[in-house]
$ cat entry.pdb   # PDB, C-alpha atoms, pLDDT in the B column
ATOM      1  CA  MET P   1      12.272  38.181  -4.325  1.00 47.00           C
ATOM      2  CA  LEU P   2      10.058  40.985  -5.614  1.00 59.00           C
ATOM      3  CA  ASN P   3       7.054  38.657  -5.737  1.00 80.00           C
ATOM      4  CA  TYR P   4       7.168  37.702  -2.044  1.00 87.00           C
ATOM      5  CA  ASN P   5       3.821  38.705  -0.524  1.00 92.00           C
ATOM      6  CA  GLU P   6       2.898  37.384   2.925  1.00 94.00           C
ATOM      7  CA  GLN P   7      -0.791  38.167   2.684  1.00 95.00           C
ATOM      8  CA  GLU P   8      -1.213  36.428  -0.672  1.00 95.00           C
ATOM      9  CA  ILE P   9       0.735  33.374   0.500  1.00 96.00           C
ATOM     10  CA  GLU P  10      -1.377  33.080   3.648  1.00 97.00           C
ATOM     11  CA  GLU P  11      -4.544  33.317   1.553  1.00 97.00           C
ATOM     12  CA  HIS P  12      -3.344  30.466  -0.662  1.00 97.00           C
ATOM     13  CA  ILE P  13      -2.379  28.166   2.223  1.00 97.00           C
ATOM     14  CA  GLN P  14      -5.373  29.240   4.340  1.00 97.00           C
ATOM     15  CA  TYR P  15      -3.267  29.911   7.432  1.00 98.00           C
ATOM     16  CA  THR P  16      -2.218  33.198   9.049  1.00 97.00           C
ATOM     17  CA  PHE P  17       1.152  33.163  10.809  1.00 98.00           C
ATOM     18  CA  LYS P  18       1.699  34.751  14.173  1.00 98.00           C
ATOM     19  CA  ASN P  19       5.459  34.629  13.541  1.00 97.00           C
ATOM     20  CA  LYS P  20       5.902  35.969  10.006  1.00 96.00           C
ATOM     21  CA  ALA P  21       9.630  35.169  10.102  1.00 95.00           C
ATOM     22  CA  LEU P  22       8.786  31.459  10.009  1.00 97.00           C
ATOM     23  CA  LEU P  23       6.857  31.891   6.774  1.00 97.00           C
ATOM     24  CA  LYS P  24       9.709  33.790   5.149  1.00 95.00           C
ATOM     25  CA  GLN P  25      12.205  31.137   6.256  1.00 96.00           C
ATOM     26  CA  ALA P  26       9.944  28.421   4.840  1.00 97.00           C
ATOM     27  CA  LEU P  27      10.182  30.087   1.421  1.00 97.00           C
ATOM     28  CA  SER P  28      13.903  30.965   1.485  1.00 95.00           C
ATOM     29  CA  HIS P  29      16.032  28.704  -0.702  1.00 95.00           C
ATOM     30  CA  SER P  30      19.649  28.120   0.346  1.00 94.00           C
ATOM     31  CA  SER P  31      20.873  29.876  -2.832  1.00 92.00           C
ATOM     32  CA  PHE P  32      19.059  33.055  -1.751  1.00 93.00           C
ATOM     33  CA  ILE P  33      20.541  32.904   1.752  1.00 93.00           C
ATOM     34  CA  ASN P  34      24.054  32.425   0.341  1.00 91.00           C
ATOM     35  CA  GLU P  35      23.608  35.304  -2.078  1.00 91.00           C
ATOM     36  CA  MET P  36      22.273  37.691   0.589  1.00 86.00           C
ATOM     37  CA  LYS P  37      25.195  36.971   2.962  1.00 81.00           C
ATOM     38  CA  LYS P  38      23.319  38.361   5.951  1.00 75.00           C
ATOM     39  CA  LYS P  39      23.766  36.924   9.426  1.00 76.00           C
ATOM     40  CA  GLY P  40      20.698  35.456  11.088  1.00 78.00           C
ATOM     41  CA  LEU P  41      18.951  34.406   7.871  1.00 86.00           C
ATOM     42  CA  GLU P  42      18.169  30.707   7.489  1.00 94.00           C
ATOM     43  CA  SER P  43      17.042  28.644   4.514  1.00 95.00           C
ATOM     44  CA  TYR P  44      14.030  26.352   4.564  1.00 97.00           C
ATOM     45  CA  GLU P  45      16.103  23.174   4.940  1.00 97.00           C
ATOM     46  CA  ARG P  46      15.591  22.684   8.704  1.00 97.00           C
ATOM     47  CA  LEU P  47      11.867  23.420   8.394  1.00 98.00           C
ATOM     48  CA  GLU P  48      11.671  20.919   5.539  1.00 98.00           C
ATOM     49  CA  PHE P  49      13.296  18.291   7.788  1.00 98.00           C
ATOM     50  CA  LEU P  50      10.659  18.914  10.461  1.00 98.00           C
ATOM     51  CA  GLY P  51       7.821  19.089   7.946  1.00 98.00           C
ATOM     52  CA  ASP P  52       8.808  15.732   6.486  1.00 97.00           C
ATOM     53  CA  ALA P  53       8.407  14.077   9.909  1.00 97.00           C
ATOM     54  CA  VAL P  54       5.111  15.836  10.614  1.00 98.00           C
ATOM     55  CA  LEU P  55       3.812  14.841   7.177  1.00 97.00           C
ATOM     56  CA  GLU P  56       4.616  11.182   7.786  1.00 97.00           C
ATOM     57  CA  LEU P  57       2.716  11.201  11.069  1.00 97.00           C
ATOM     58  CA  ILE P  58      -0.349  13.046   9.729  1.00 97.00           C
ATOM     59  CA  SER P  59      -0.612  10.965   6.547  1.00 96.00           C
ATOM     60  CA  SER P  60      -0.057   7.699   8.456  1.00 96.00           C
ATOM     61  CA  GLU P  61      -2.766   8.495  11.001  1.00 97.00           C
ATOM     62  CA  PHE P  62      -5.185   9.574   8.261  1.00 96.00           C
ATOM     63  CA  LEU P  63      -4.720   6.379   6.236  1.00 95.00           C
ATOM     64  CA  PHE P  64      -4.860   4.216   9.380  1.00 96.00           C
ATOM     65  CA  ASP P  65      -8.275   5.694  10.204  1.00 96.00           C
ATOM     66  CA  GLU P  66      -9.666   5.816   6.662  1.00 93.00           C
ATOM     67  CA  TYR P  67      -8.585   2.356   5.468  1.00 93.00           C
ATOM     68  CA  LYS P  68      -9.359   0.158   8.453  1.00 93.00           C
ATOM     69  CA  GLU P  69      -9.178  -3.140   6.544  1.00 93.00           C
ATOM     70  CA  MET P  70      -5.970  -2.376   4.632  1.00 92.00           C
ATOM     71  CA  PRO P  71      -2.859  -4.349   5.729  1.00 95.00           C
ATOM     72  CA  GLU P  72       0.397  -2.620   6.693  1.00 95.00           C
ATOM     73  CA  GLY P  73       2.176  -3.286   3.402  1.00 92.00           C
ATOM     74  CA  LYS P  74      -0.552  -1.676   1.304  1.00 89.00           C
ATOM     75  CA  LEU P  75      -0.836   1.246   3.731  1.00 93.00           C
ATOM     76  CA  THR P  76       2.897   1.884   3.337  1.00 92.00           C
ATOM     77  CA  LYS P  77       2.630   1.776  -0.448  1.00 87.00           C
ATOM     78  CA  LEU P  78      -0.378   4.095  -0.438  1.00 89.00           C
ATOM     79  CA  ARG P  79       1.370   6.578   1.840  1.00 92.00           C
ATOM     80  CA  SER P  80       4.411   6.549  -0.450  1.00 88.00           C
ATOM     81  CA  SER P  81       2.195   7.409  -3.415  1.00 84.00           C
ATOM     82  CA  ILE P  82       0.728  10.391  -1.570  1.00 89.00           C
ATOM     83  CA  VAL P  83       4.010  11.893  -0.339  1.00 91.00           C
ATOM     84  CA  CYS P  84       6.093  11.304  -3.495  1.00 87.00           C
ATOM     85  CA  GLU P  85       7.775  14.218  -5.274  1.00 86.00           C
ATOM     86  CA  TYR P  86       5.132  14.402  -7.984  1.00 84.00           C
ATOM     87  CA  THR P  87       2.182  14.814  -5.626  1.00 89.00           C
ATOM     88  CA  LEU P  88       3.907  17.252  -3.263  1.00 93.00           C
ATOM     89  CA  SER P  89       5.204  19.402  -6.117  1.00 91.00           C
ATOM     90  CA  SER P  90       1.771  19.328  -7.776  1.00 89.00           C
ATOM     91  CA  VAL P  91       0.133  20.622  -4.585  1.00 94.00           C
ATOM     92  CA  SER P  92       2.808  23.323  -4.256  1.00 96.00           C
ATOM     93  CA  LYS P  93       2.029  24.441  -7.796  1.00 94.00           C
ATOM     94  CA  MET P  94      -1.661  24.595  -6.925  1.00 94.00           C
ATOM     95  CA  LEU P  95      -0.792  26.732  -3.889  1.00 96.00           C
ATOM     96  CA  HIS P  96       1.505  28.954  -6.032  1.00 95.00           C
ATOM     97  CA  LEU P  97       4.421  28.430  -3.636  1.00 96.00           C
ATOM     98  CA  GLY P  98       6.850  28.538  -6.547  1.00 95.00           C
ATOM     99  CA  ASP P  99       5.676  32.056  -7.348  1.00 95.00           C
ATOM    100  CA  TYR P 100       6.839  33.323  -3.961  1.00 96.00           C
ATOM    101  CA  VAL P 101       9.959  31.284  -3.153  1.00 96.00           C
ATOM    102  CA  LEU P 102      13.064  33.436  -2.571  1.00 95.00           C
ATOM    103  CA  LEU P 103      15.848  32.353  -4.938  1.00 94.00           C
ATOM    104  CA  SER P 104      19.268  33.568  -6.004  1.00 92.00           C
ATOM    105  CA  LYS P 105      19.521  35.185  -9.433  1.00 91.00           C
ATOM    106  CA  GLY P 106      21.288  32.094 -10.760  1.00 89.00           C
ATOM    107  CA  GLU P 107      18.648  29.705  -9.444  1.00 90.00           C
ATOM    108  CA  GLU P 108      15.944  31.933 -10.867  1.00 89.00           C
ATOM    109  CA  LEU P 109      17.530  31.945 -14.322  1.00 88.00           C
ATOM    110  CA  THR P 110      17.865  28.148 -14.407  1.00 85.00           C
ATOM    111  CA  GLY P 111      14.182  27.499 -13.684  1.00 85.00           C
ATOM    112  CA  GLY P 112      14.303  26.877  -9.940  1.00 87.00           C
ATOM    113  CA  ARG P 113      10.879  28.405  -9.456  1.00 90.00           C
ATOM    114  CA  ASN P 114       9.297  25.524 -11.402  1.00 88.00           C
ATOM    115  CA  ARG P 115      11.643  22.709 -10.356  1.00 87.00           C
ATOM    116  CA  ASP P 116       9.762  19.777  -8.861  1.00 87.00           C
ATOM    117  CA  SER P 117      12.422  19.037  -6.247  1.00 89.00           C
ATOM    118  CA  ILE P 118      12.214  22.605  -4.873  1.00 93.00           C
ATOM    119  CA  LEU P 119       8.415  22.648  -5.015  1.00 95.00           C
ATOM    120  CA  CYS P 120       8.334  19.369  -3.108  1.00 94.00           C
ATOM    121  CA  ASP P 121      10.633  20.842  -0.444  1.00 96.00           C
ATOM    122  CA  LEU P 122       8.418  23.929  -0.163  1.00 98.00           C
ATOM    123  CA  PHE P 123       5.312  21.936   0.718  1.00 98.00           C
ATOM    124  CA  GLU P 124       7.196  20.303   3.602  1.00 98.00           C
ATOM    125  CA  SER P 125       8.961  23.461   4.784  1.00 98.00           C
ATOM    126  CA  VAL P 126       5.665  25.371   4.926  1.00 98.00           C
ATOM    127  CA  LEU P 127       4.164  22.466   6.852  1.00 98.00           C
ATOM    128  CA  GLY P 128       7.060  22.580   9.315  1.00 98.00           C
ATOM    129  CA  ALA P 129       6.578  26.325   9.752  1.00 98.00           C
ATOM    130  CA  ILE P 130       2.831  25.943  10.337  1.00 98.00           C
ATOM    131  CA  TYR P 131       3.495  23.222  12.923  1.00 98.00           C
ATOM    132  CA  LEU P 132       5.966  25.418  14.830  1.00 98.00           C
ATOM    133  CA  ASP P 133       3.712  28.459  14.629  1.00 98.00           C
ATOM    134  CA  GLY P 134       0.334  26.907  15.437  1.00 97.00           C
ATOM    135  CA  GLY P 135       0.777  23.287  16.480  1.00 98.00           C
ATOM    136  CA  MET P 136      -0.615  20.023  15.146  1.00 98.00           C
ATOM    137  CA  GLN P 137      -4.207  21.077  14.385  1.00 98.00           C
ATOM    138  CA  PRO P 138      -3.454  23.689  11.700  1.00 98.00           C
ATOM    139  CA  ALA P 139      -0.725  21.389  10.360  1.00 98.00           C
ATOM    140  CA  LYS P 140      -3.310  18.601   9.960  1.00 97.00           C
ATOM    141  CA  LYS P 141      -5.743  20.993   8.300  1.00 97.00           C
ATOM    142  CA  TYR P 142      -3.067  22.068   5.775  1.00 98.00           C
ATOM    143  CA  VAL P 143      -2.194  18.467   4.871  1.00 97.00           C
ATOM    144  CA  GLU P 144      -5.744  17.139   4.833  1.00 96.00           C
ATOM    145  CA  SER P 145      -7.126  20.074   2.843  1.00 95.00           C
ATOM    146  CA  PHE P 146      -4.524  20.140   0.114  1.00 95.00           C
ATOM    147  CA  LEU P 147      -2.823  16.738  -0.004  1.00 94.00           C
ATOM    148  CA  LEU P 148      -5.066  14.029   1.444  1.00 93.00           C
ATOM    149  CA  THR P 149      -7.725  14.429  -1.229  1.00 89.00           C
ATOM    150  CA  ASP P 150      -8.329  12.491  -4.439  1.00 83.00           C
ATOM    151  CA  ILE P 151      -6.167   9.666  -3.095  1.00 85.00           C
ATOM    152  CA  GLU P 152      -7.185   7.226  -5.838  1.00 79.00           C
ATOM    153  CA  HIS P 153      -5.911   9.685  -8.466  1.00 76.00           C
ATOM    154  CA  LYS P 154      -2.576  10.160  -6.674  1.00 77.00           C
ATOM    155  CA  SER P 155      -2.153   6.403  -6.254  1.00 76.00           C
ATOM    156  CA  LEU P 156      -2.771   5.929  -9.979  1.00 74.00           C
ATOM    157  CA  PHE P 157       0.212   8.141 -10.813  1.00 74.00           C
ATOM    158  CA  TYR P 158       2.526   6.392  -8.343  1.00 73.00           C
ATOM    159  CA  ASP P 159       1.708   2.939  -9.759  1.00 78.00           C
ATOM    160  CA  ALA P 160       1.373   4.111 -13.358  1.00 85.00           C
ATOM    161  CA  LYS P 161       4.131   2.029 -14.930  1.00 86.00           C
ATOM    162  CA  THR P 162       3.088  -1.158 -13.152  1.00 85.00           C
ATOM    163  CA  THR P 163      -0.610  -0.564 -13.794  1.00 85.00           C
ATOM    164  CA  LEU P 164      -0.049   0.120 -17.492  1.00 88.00           C
ATOM    165  CA  GLN P 165       2.023  -3.043 -17.833  1.00 87.00           C
ATOM    166  CA  GLU P 166      -0.722  -5.090 -16.172  1.00 85.00           C
ATOM    167  CA  ILE P 167      -3.427  -3.616 -18.426  1.00 86.00           C
ATOM    168  CA  VAL P 168      -1.422  -4.272 -21.576  1.00 85.00           C
ATOM    169  CA  GLN P 169      -0.670  -7.865 -20.581  1.00 83.00           C
ATOM    170  CA  LYS P 170      -4.306  -8.432 -19.596  1.00 79.00           C
ATOM    171  CA  ASP P 171      -5.510  -7.260 -23.002  1.00 61.00           C
ATOM    172  CA  GLY P 172      -2.920  -9.469 -24.659  1.00 66.00           C
ATOM    173  CA  LYS P 173      -1.359  -6.621 -26.599  1.00 61.00           C
ATOM    174  CA  GLY P 174       2.221  -7.435 -25.715  1.00 76.00           C
ATOM    175  CA  SER P 175       5.020  -5.241 -24.457  1.00 86.00           C
ATOM    176  CA  VAL P 176       5.403  -1.728 -23.081  1.00 91.00           C
ATOM    177  CA  SER P 177       8.568   0.236 -23.843  1.00 92.00           C
ATOM    178  CA  TYR P 178       9.850   3.781 -23.299  1.00 94.00           C
ATOM    179  CA  GLU P 179      11.800   5.946 -25.708  1.00 94.00           C
ATOM    180  CA  LEU P 180      13.754   9.095 -24.898  1.00 94.00           C
ATOM    181  CA  VAL P 181      12.547  11.908 -27.152  1.00 95.00           C
ATOM    182  CA  SER P 182      14.728  14.743 -25.855  1.00 93.00           C
ATOM    183  CA  GLU P 183      16.601  16.158 -22.889  1.00 91.00           C
ATOM    184  CA  SER P 184      17.355  19.805 -22.186  1.00 85.00           C
ATOM    185  CA  GLY P 185      18.587  22.185 -19.506  1.00 78.00           C
ATOM    186  CA  PRO P 186      21.717  22.356 -17.329  1.00 75.00           C
ATOM    187  CA  ASP P 187      22.922  19.293 -15.421  1.00 76.00           C
ATOM    188  CA  HIS P 188      21.270  20.319 -12.143  1.00 71.00           C
ATOM    189  CA  SER P 189      17.943  21.108 -13.840  1.00 71.00           C
ATOM    190  CA  LYS P 190      17.360  18.623 -16.644  1.00 80.00           C
ATOM    191  CA  CYS P 191      14.047  18.132 -18.414  1.00 84.00           C
ATOM    192  CA  TYR P 192      13.511  14.754 -20.053  1.00 90.00           C
ATOM    193  CA  VAL P 193      10.763  13.912 -22.552  1.00 93.00           C
ATOM    194  CA  MET P 194       9.796  10.245 -22.941  1.00 94.00           C
ATOM    195  CA  ASP P 195       7.310   8.425 -25.166  1.00 95.00           C
ATOM    196  CA  VAL P 196       5.588   5.265 -23.960  1.00 95.00           C
ATOM    197  CA  LEU P 197       4.965   2.700 -26.675  1.00 92.00           C
ATOM    198  CA  VAL P 198       2.759  -0.389 -26.732  1.00 87.00           C
ATOM    199  CA  ASP P 199       3.963  -2.935 -29.294  1.00 85.00           C
ATOM    200  CA  GLY P 200       6.034  -0.173 -30.856  1.00 87.00           C
ATOM    201  CA  ASN P 201       3.141   2.265 -31.218  1.00 88.00           C
ATOM    202  CA  LYS P 202       3.280   5.571 -29.347  1.00 92.00           C
ATOM    203  CA  LEU P 203       0.529   5.895 -26.752  1.00 90.00           C
ATOM    204  CA  ALA P 204       1.518   8.987 -24.758  1.00 93.00           C
ATOM    205  CA  THR P 205       4.328  11.399 -23.856  1.00 94.00           C
ATOM    206  CA  GLY P 206       5.610  12.536 -20.465  1.00 89.00           C
ATOM    207  CA  LYS P 207       8.072  15.094 -19.087  1.00 87.00           C
ATOM    208  CA  GLY P 208      10.125  14.884 -15.898  1.00 83.00           C
ATOM    209  CA  SER P 209      13.256  15.972 -14.053  1.00 80.00           C
ATOM    210  CA  SER P 210      14.712  12.465 -14.539  1.00 84.00           C
ATOM    211  CA  LYS P 211      14.208   9.708 -17.084  1.00 88.00           C
ATOM    212  CA  LYS P 212      12.362   7.686 -14.452  1.00 87.00           C
ATOM    213  CA  ASN P 213       9.977  10.553 -13.658  1.00 85.00           C
ATOM    214  CA  ALA P 214       9.376  11.178 -17.358  1.00 88.00           C
ATOM    215  CA  GLN P 215       8.546   7.493 -17.862  1.00 91.00           C
ATOM    216  CA  GLN P 216       6.165   7.602 -14.912  1.00 88.00           C
ATOM    217  CA  MET P 217       4.434  10.663 -16.315  1.00 87.00           C
ATOM    218  CA  ALA P 218       4.177   9.074 -19.772  1.00 91.00           C
ATOM    219  CA  ALA P 219       2.624   5.941 -18.256  1.00 91.00           C
ATOM    220  CA  TYR P 220       0.205   8.093 -16.254  1.00 87.00           C
ATOM    221  CA  GLU P 221      -0.855  10.006 -19.377  1.00 88.00           C
ATOM    222  CA  ALA P 222      -1.321   6.669 -21.157  1.00 89.00           C
ATOM    223  CA  LEU P 223      -3.592   5.420 -18.366  1.00 86.00           C
ATOM    224  CA  LEU P 224      -5.697   8.577 -18.566  1.00 84.00           C
ATOM    225  CA  HIS P 225      -5.934   8.114 -22.341  1.00 82.00           C
ATOM    226  CA  LEU P 226      -7.012   4.485 -21.966  1.00 79.00           C
ATOM    227  CA  LYS P 227      -9.533   5.405 -19.277  1.00 70.00           C
ATOM    228  CA  VAL P 228     -11.125   8.047 -21.517  1.00 50.00           C
ATOM    229  CA  ALA P 229     -11.093   5.695 -24.511  1.00 50.00           C
ATOM    230  CA  LYS P 230     -12.957   3.002 -22.563  1.00 53.00           C
ATOM    231  CA  ALA P 231     -15.478   5.422 -21.030  1.00 43.00           C
TER     232      ALA P 231
END
$ encode --input "entry.pdb" --output "structure tokens"
Amino acid sequence: MLNYNEQEIEEHIQYTFKNKALLKQALSHSSFINEMKKKGLESYERLEFLGDAVLELISSEFLFDEYKEMPEGKLTKLRSSIVCEYTLSSVSKMLHLGDYVLLSKGEELTGGRNRDSILCDLFESVLGAIYLDGGMQPAKKYVESFLLTDIEHKSLFYDAKTTLQEIVQKDGKGSVSYELVSESGPDHSKCYVMDVLVDGNKLATGKGSSKKNAQQMAAYEALLHLKVAKA
């Protein structure tokens, strides 16, 4: 709570709120609201709900205009890669939203400030707040400036496991497998570490909040390694 600074947040997101209460709500986790026990305070959950819908519309329109020859199925897949938890949480980290989110003491102690699921929610709740405060234009600017960039890179992460499998099979090397290295943290905030192996040889390591996410990250790191090796 001590790190909440409206001016700094607005500088990071490049938007100045007329209604400052909306910004504070957008960064108030439900655990903080429950701990404060003050009437009239709301968590970011409703703003996140709205932001999710606004994000779908903005990203759909952007891709529709930018990829005029792409069929519906591929557009849907591309949109999914852009709005997945990894990309949204990565953008939130870049915007330092985790530094300012209001959390309960318990949530703070268990790593909530760096949890991907919360960071993902924050991107959408801030978007919902911007939309309510300023309308569609500043909402589009927020999404297009921070999320709808480097789309090829974001798509690579989303398809990492499939892409790695295809590359390995194309080169005739054989099979791809994943091995759990470790898991740590409380049940609601696990951190998994996975190795990806090609024909039994370790190629890369990834971390994630679930085994699936850790595998995806390991595959992504492997693709980056292979890309550098072939350059």
$ residues_around --input "entry.pdb" --residues "P:Ala219" --least-positions-apart "3" --cutoff "12 Å" --atoms "all atoms listed in the file" --output "PyMOL selection string"
chain P and resi 156-168+176-179+194-198+202-208+212-216+222-226
$ write_last_selection --input "entry.pdb" --atoms "C-alpha atoms" --output "PDB file, keeping the file's coordinate frame"
ATOM      1  CA  LEU P 156      -2.771   5.929  -9.979  1.00 74.00           C
ATOM      2  CA  PHE P 157       0.212   8.141 -10.813  1.00 74.00           C
ATOM      3  CA  TYR P 158       2.526   6.392  -8.343  1.00 73.00           C
ATOM      4  CA  ASP P 159       1.708   2.939  -9.759  1.00 78.00           C
ATOM      5  CA  ALA P 160       1.373   4.111 -13.358  1.00 85.00           C
ATOM      6  CA  LYS P 161       4.131   2.029 -14.930  1.00 86.00           C
ATOM      7  CA  THR P 162       3.088  -1.158 -13.152  1.00 85.00           C
ATOM      8  CA  THR P 163      -0.610  -0.564 -13.794  1.00 85.00           C
ATOM      9  CA  LEU P 164      -0.049   0.120 -17.492  1.00 88.00           C
ATOM     10  CA  GLN P 165       2.023  -3.043 -17.833  1.00 87.00           C
ATOM     11  CA  GLU P 166      -0.722  -5.090 -16.172  1.00 85.00           C
ATOM     12  CA  ILE P 167      -3.427  -3.616 -18.426  1.00 86.00           C
ATOM     13  CA  VAL P 168      -1.422  -4.272 -21.576  1.00 85.00           C
ATOM     14  CA  VAL P 176       5.403  -1.728 -23.081  1.00 91.00           C
ATOM     15  CA  SER P 177       8.568   0.236 -23.843  1.00 92.00           C
ATOM     16  CA  TYR P 178       9.850   3.781 -23.299  1.00 94.00           C
ATOM     17  CA  GLU P 179      11.800   5.946 -25.708  1.00 94.00           C
ATOM     18  CA  MET P 194       9.796  10.245 -22.941  1.00 94.00           C
ATOM     19  CA  ASP P 195       7.310   8.425 -25.166  1.00 95.00           C
ATOM     20  CA  VAL P 196       5.588   5.265 -23.960  1.00 95.00           C
ATOM     21  CA  LEU P 197       4.965   2.700 -26.675  1.00 92.00           C
ATOM     22  CA  VAL P 198       2.759  -0.389 -26.732  1.00 87.00           C
ATOM     23  CA  LYS P 202       3.280   5.571 -29.347  1.00 92.00           C
ATOM     24  CA  LEU P 203       0.529   5.895 -26.752  1.00 90.00           C
ATOM     25  CA  ALA P 204       1.518   8.987 -24.758  1.00 93.00           C
ATOM     26  CA  THR P 205       4.328  11.399 -23.856  1.00 94.00           C
ATOM     27  CA  GLY P 206       5.610  12.536 -20.465  1.00 89.00           C
ATOM     28  CA  LYS P 207       8.072  15.094 -19.087  1.00 87.00           C
ATOM     29  CA  GLY P 208      10.125  14.884 -15.898  1.00 83.00           C
ATOM     30  CA  LYS P 212      12.362   7.686 -14.452  1.00 87.00           C
ATOM     31  CA  ASN P 213       9.977  10.553 -13.658  1.00 85.00           C
ATOM     32  CA  ALA P 214       9.376  11.178 -17.358  1.00 88.00           C
ATOM     33  CA  GLN P 215       8.546   7.493 -17.862  1.00 91.00           C
ATOM     34  CA  GLN P 216       6.165   7.602 -14.912  1.00 88.00           C
ATOM     35  CA  ALA P 222      -1.321   6.669 -21.157  1.00 89.00           C
ATOM     36  CA  LEU P 223      -3.592   5.420 -18.366  1.00 86.00           C
ATOM     37  CA  LEU P 224      -5.697   8.577 -18.566  1.00 84.00           C
ATOM     38  CA  HIS P 225      -5.934   8.114 -22.341  1.00 82.00           C
ATOM     39  CA  LEU P 226      -7.012   4.485 -21.966  1.00 79.00           C
TER      40      LEU P 226
END
$ atom_distance --input "entry.pdb" --atom1 "atom CA of P:Cys120" --atom2 "atom CA of P:Glu8"
19.7 Å
$ closest_residue --input "entry.pdb" --among "P:Glu6, P:Asn19, P:Tyr86, P:Ala26" --to "P:Tyr220" --atoms "all atoms listed in the file"
P:Tyr86
$ resolve_selection --input "entry.pdb" --expression "the PyMOL selection byres ((chain P and resi 99) around 8)" --output "list in words"
Asn3, Tyr4, His96, Leu97, Gly98, Tyr100, Val101 and Arg113 of chain P
$ resolve_selection --input "entry.pdb" --expression "the PyMOL selection byres ((chain P and resi 62-73) around 12)" --output "NGL selection string"
:P and (55-61 or 74-82 or 140-141 or 143-145 or 147-149 or 151)
$ closest_residue --input "entry.pdb" --among "P:Glu124, P:Asp150, P:Glu85, P:Glu183" --to "P:Asp52" --atoms "only C-alpha atoms"
P:Glu124
$ residues_near_point --input "entry.pdb" --point "(11.5, 30.8, -0.7)" --cutoff "6 Å" --atoms "all atoms listed in the file" --output "PyMOL selection string"
chain P and resi 27-29+101-102
$ resolve_selection --input "entry.pdb" --expression "the PyMOL selection byres ((chain P and resi 35-48) around 10)" --output "MDAnalysis selection string"
chainID P and resid 21:34 49:54 102:106 120:132
$ atom_distance --input "entry.pdb" --atom1 "atom CA of P:Thr110" --atom2 "atom CA of P:His188"
8.8 Å
$ atom_distance --input "entry.pdb" --atom1 "atom CA of P:Ser189" --atom2 "atom CA of P:Glu107"
9.7 Å
$ axis_aligned_box --input "entry.pdb" --around "stretch 84-103 of chain P" --padding-each-side "5 Å" --output "AutoDock Vina command-line options"
--center_x 7.1 --center_y 22.4 --center_z -5.3 --size_x 27.5 --size_y 32.1 --size_z 15.4
$ closest_residue --input "entry.pdb" --among "P:Met217, P:Glu108, P:Tyr15, P:Lys93" --to "P:Val193" --atoms "all atoms listed in the file"
P:Met217
$ closest_residue --input "entry.pdb" --among "P:Val181, P:Asp187, P:Ser210, P:Ser175" --to "P:Asp116" --atoms "all atoms listed in the file"
P:Ser210
$ decode --input "entry.pdb" --residues "stretch 59-91 of chain P" --atoms "C-alpha atoms" --output "mmCIF file, in the first residue's frame"
data_model
loop_
_atom_site.group_PDB
_atom_site.id
_atom_site.type_symbol
_atom_site.label_atom_id
_atom_site.label_comp_id
_atom_site.auth_asym_id
_atom_site.auth_seq_id
_atom_site.Cartn_x
_atom_site.Cartn_y
_atom_site.Cartn_z
ATOM 1 C CA SER P 59 -7.566 -6.538 -30.413
ATOM 2 C CA SER P 60 -10.106 -8.078 -32.819
ATOM 3 C CA GLU P 61 -10.537 -4.835 -34.755
ATOM 4 C CA PHE P 62 -6.769 -4.282 -34.891
ATOM 5 C CA LEU P 63 -6.047 -7.764 -36.260
ATOM 6 C CA PHE P 64 -8.982 -7.553 -38.695
ATOM 7 C CA ASP P 65 -7.486 -4.372 -40.169
ATOM 8 C CA GLU P 66 -3.826 -5.414 -40.069
ATOM 9 C CA TYR P 67 -4.171 -8.963 -41.432
ATOM 10 C CA LYS P 68 -6.638 -8.536 -44.272
ATOM 11 C CA GLU P 69 -5.878 -11.884 -45.933
ATOM 12 C CA MET P 70 -5.906 -13.980 -42.750
ATOM 13 C CA PRO P 71 -8.902 -16.353 -42.334
ATOM 14 C CA GLU P 72 -11.090 -16.320 -39.215
ATOM 15 C CA GLY P 73 -9.521 -19.387 -37.612
ATOM 16 C CA LYS P 74 -5.995 -17.978 -37.757
ATOM 17 C CA LEU P 75 -7.199 -14.567 -36.563
ATOM 18 C CA THR P 76 -8.772 -16.232 -33.521
ATOM 19 C CA LYS P 77 -5.573 -18.129 -32.765
ATOM 20 C CA LEU P 78 -3.459 -14.999 -33.167
ATOM 21 C CA ARG P 79 -5.738 -13.001 -30.881
ATOM 22 C CA SER P 80 -5.534 -15.753 -28.259
ATOM 23 C CA SER P 81 -1.739 -15.570 -28.353
ATOM 24 C CA ILE P 82 -1.816 -11.817 -27.753
ATOM 25 C CA VAL P 83 -4.283 -11.816 -24.845
ATOM 26 C CA CYS P 84 -2.973 -14.915 -23.021
ATOM 27 C CA GLU P 85 -1.826 -14.688 -19.398
ATOM 28 C CA TYR P 86 1.850 -14.619 -20.314
ATOM 29 C CA THR P 87 1.623 -11.615 -22.628
ATOM 30 C CA LEU P 88 -0.723 -9.592 -20.411
ATOM 31 C CA SER P 89 1.345 -10.250 -17.290
ATOM 32 C CA SER P 90 4.543 -9.414 -19.193
ATOM 33 C CA VAL P 91 3.111 -6.038 -20.239
#
